[in-house]
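Report on one structure; see the data block that follows.
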Amino acid sequence: MSKTETKAQGGFQAGTGMSETSAYKGGQSGAQTGAHVGTGPANEVKTALAEFVSDLKDFQTEIKSKLQEQEERLTMLDRKSHTFGRPALSAARDVDMSHKSAFVTYVRNGDDDALRGVALEGKSMSTAINGDGGYLVDPQTSDVIKSVLKSTASIRSIATVVNVEATSYDVLIDTTDIGSGWVTETGAVGETSTPTIDRISIPLFELSALPKASQRLLDDSAFDIDAWLAGRIADKFASAEASAFINGDGLDKPTGFLAHAQVANDSWAWGSLGYVATGTDGAFDPTNPADAIVELVYALGAQYRANGTFVMNSKTAGQVRKLKDADGRFLWSDSLAAGEPARLMGYPVLIAEDMSDIASDAAAIAFGDFASGYTVAERPDVRILRDPFSAKPHVLFYATKRVGGDVSDFAAIKLLKFSVS
């Protein structure tokens, strides 16, 4: 090799080595500068925020997924509940409507085959036929009868009404108070008196009605047999009950509250009703007629007075409406709202036509807490027996129901007697 080639090669190697060394140093310097820039505070904050946003998005995605799962579960449960609920409601309606349809068929043409197959809920019965004859009225017709009885001007509307399955209903009443006394912290406690418990038994009696209709009318499909029969039965029952709850003697009928012994309120004792006399035979006192009403109200105990109701007939109400106090203001005030009763001295008035008229020694007005003082016990079912033979060409419907009533608290009712004493 010539000297010229040897120098050229040596120069090239030297240049190459110098270039590599410079490149190495330059790269090392750039790496150090990049590392210095990447570890600055701004980039650290940026990195932290990026990680936080990423975590937040992951959390949001997870929550949405869980909410979606929960919503799907609730939707599934809701569908299941509706699916299982509908057949039960439909079945109950079918039973009620089948009973009504069978009852209407029996009333119209006497076909009782469908009624014999109707199963009813209850402890004492398994079919619509009762043991001693007659068929149970369907629930819809029975409800109409009950609503009419409750809305009529009868003691039933203000008394306590209980449903029983037995032949009688017993009421236990405390006729005396429990004894009491004051003692010291360390003193001996003495024995106190024991209250007397009185048992009042209210027997149930059979109430009946006997409406009739022609067979031609029953054959008319446009004739609403349910409404007609329910209305006729309710009217008869209401009339009989209203009289018995006031004047019934207890013989094959409820005992009315006026059938019990009546004594002056100053000498009242359990088992009788106390009365306040007007001071004039057969009339109000001519000088101060309103005083008798005031005395009657305050003759009743305070525990009963808050729920007190006046009971009188229309003729007596006509006389009472004229009474005024010492300042010339009427004691009677008409109702300010539809369906509300008139008021006498602030207490509601029940117009019961079976109450006595104003006459000598007549107890024409009663005032008391009848919810405490009088109890009506009844069986909830009404029975119907169809008789197409006894009154041809008419068909008789023998409707029966068991009901009883009596005074359950003699201290809760007071009377106004139109007598001297």
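Labeling convention for the structure tokens: chains A, B, ... as they appear, residues from 1 per chain, ligands from 1 in order of appearance.
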
- Message: Would you pick out the contacts of region 267-273 of chain A at 8 Å or less, using only C-alpha atoms, so that residues sharing its chain but fewer than 5 positions from it are not included, and give the list as a VMD selection string?
- Response: chain A and resid 175 260 to 262 410 to 411 413 to 415

Output N, CA and C atoms for every residue in the selection just made, as a PDB file, in the first residue's frame.
ATOM      1  N   THR A 175    -119.630  -2.098  85.796  1.00  0.00           N
ATOM      2  CA  THR A 175    -120.684  -1.244  86.352  1.00  0.00           C
ATOM      3  C   THR A 175    -120.183  -0.389  87.510  1.00  0.00           C
ATOM      4  N   HIS A 260    -136.803  -0.610  78.588  1.00  0.00           N
ATOM      5  CA  HIS A 260    -136.225  -0.783  79.920  1.00  0.00           C
ATOM      6  C   HIS A 260    -136.876   0.169  80.926  1.00  0.00           C
ATOM      7  N   ALA A 261    -136.730  -0.172  82.190  1.00  0.00           N
ATOM      8  CA  ALA A 261    -137.301   0.640  83.260  1.00  0.00           C
ATOM      9  C   ALA A 261    -136.732   2.057  83.204  1.00  0.00           C
ATOM     10  N   GLN A 262    -137.586   3.034  83.534  1.00  0.00           N
ATOM     11  CA  GLN A 262    -137.188   4.437  83.507  1.00  0.00           C
ATOM     12  C   GLN A 262    -137.381   5.026  84.898  1.00  0.00           C
ATOM     13  N   PHE A 410    -126.147   1.279  80.405  1.00  0.00           N
ATOM     14  CA  PHE A 410    -127.318   2.038  80.847  1.00  0.00           C
ATOM     15  C   PHE A 410    -126.964   3.464  81.259  1.00  0.00           C
ATOM     16  N   ALA A 411    -125.699   3.736  81.498  1.00  0.00           N
ATOM     17  CA  ALA A 411    -125.286   5.094  81.878  1.00  0.00           C
ATOM     18  C   ALA A 411    -125.101   6.004  80.683  1.00  0.00           C
ATOM     19  N   ILE A 413    -127.240   6.592  78.097  1.00  0.00           N
ATOM     20  CA  ILE A 413    -128.464   7.108  77.480  1.00  0.00           C
ATOM     21  C   ILE A 413    -129.333   7.758  78.551  1.00  0.00           C
ATOM     22  N   LYS A 414    -129.811   8.967  78.275  1.00  0.00           N
ATOM     23  CA  LYS A 414    -130.738   9.676  79.160  1.00  0.00           C
ATOM     24  C   LYS A 414    -131.973  10.074  78.363  1.00  0.00           C
ATOM     25  N   LEU A 415    -133.111  10.222  79.069  1.00  0.00           N
ATOM     26  CA  LEU A 415    -134.391  10.514  78.444  1.00  0.00           C
ATOM     27  C   LEU A 415    -134.960  11.821  78.961  1.00  0.00           C
TER      28      LEU A 415
END

- Using only C-alpha atoms, which residues sit within 12 Å of Tyr169 (chain A) once same-chain residues fewer than 3 positions away are excluded, as a PyMOL selection string? chain A and resi 161-166+172+199-205+375-379+402-406+408

- Neighbour list for region 344-348 of chain A as number ranges by chain, cut-off 7 Å, only C-alpha atoms, skip fewer than 2 positions in-chain: A: 308-310, 331-333, 341-342, 350

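Among A:Asp381, A:Glu185, A:Glu340, A:Asp281, the residue with the shortest atom-to-atom distance to Ile358 (chain A), counting only C-alpha atoms, is A:Asp281.
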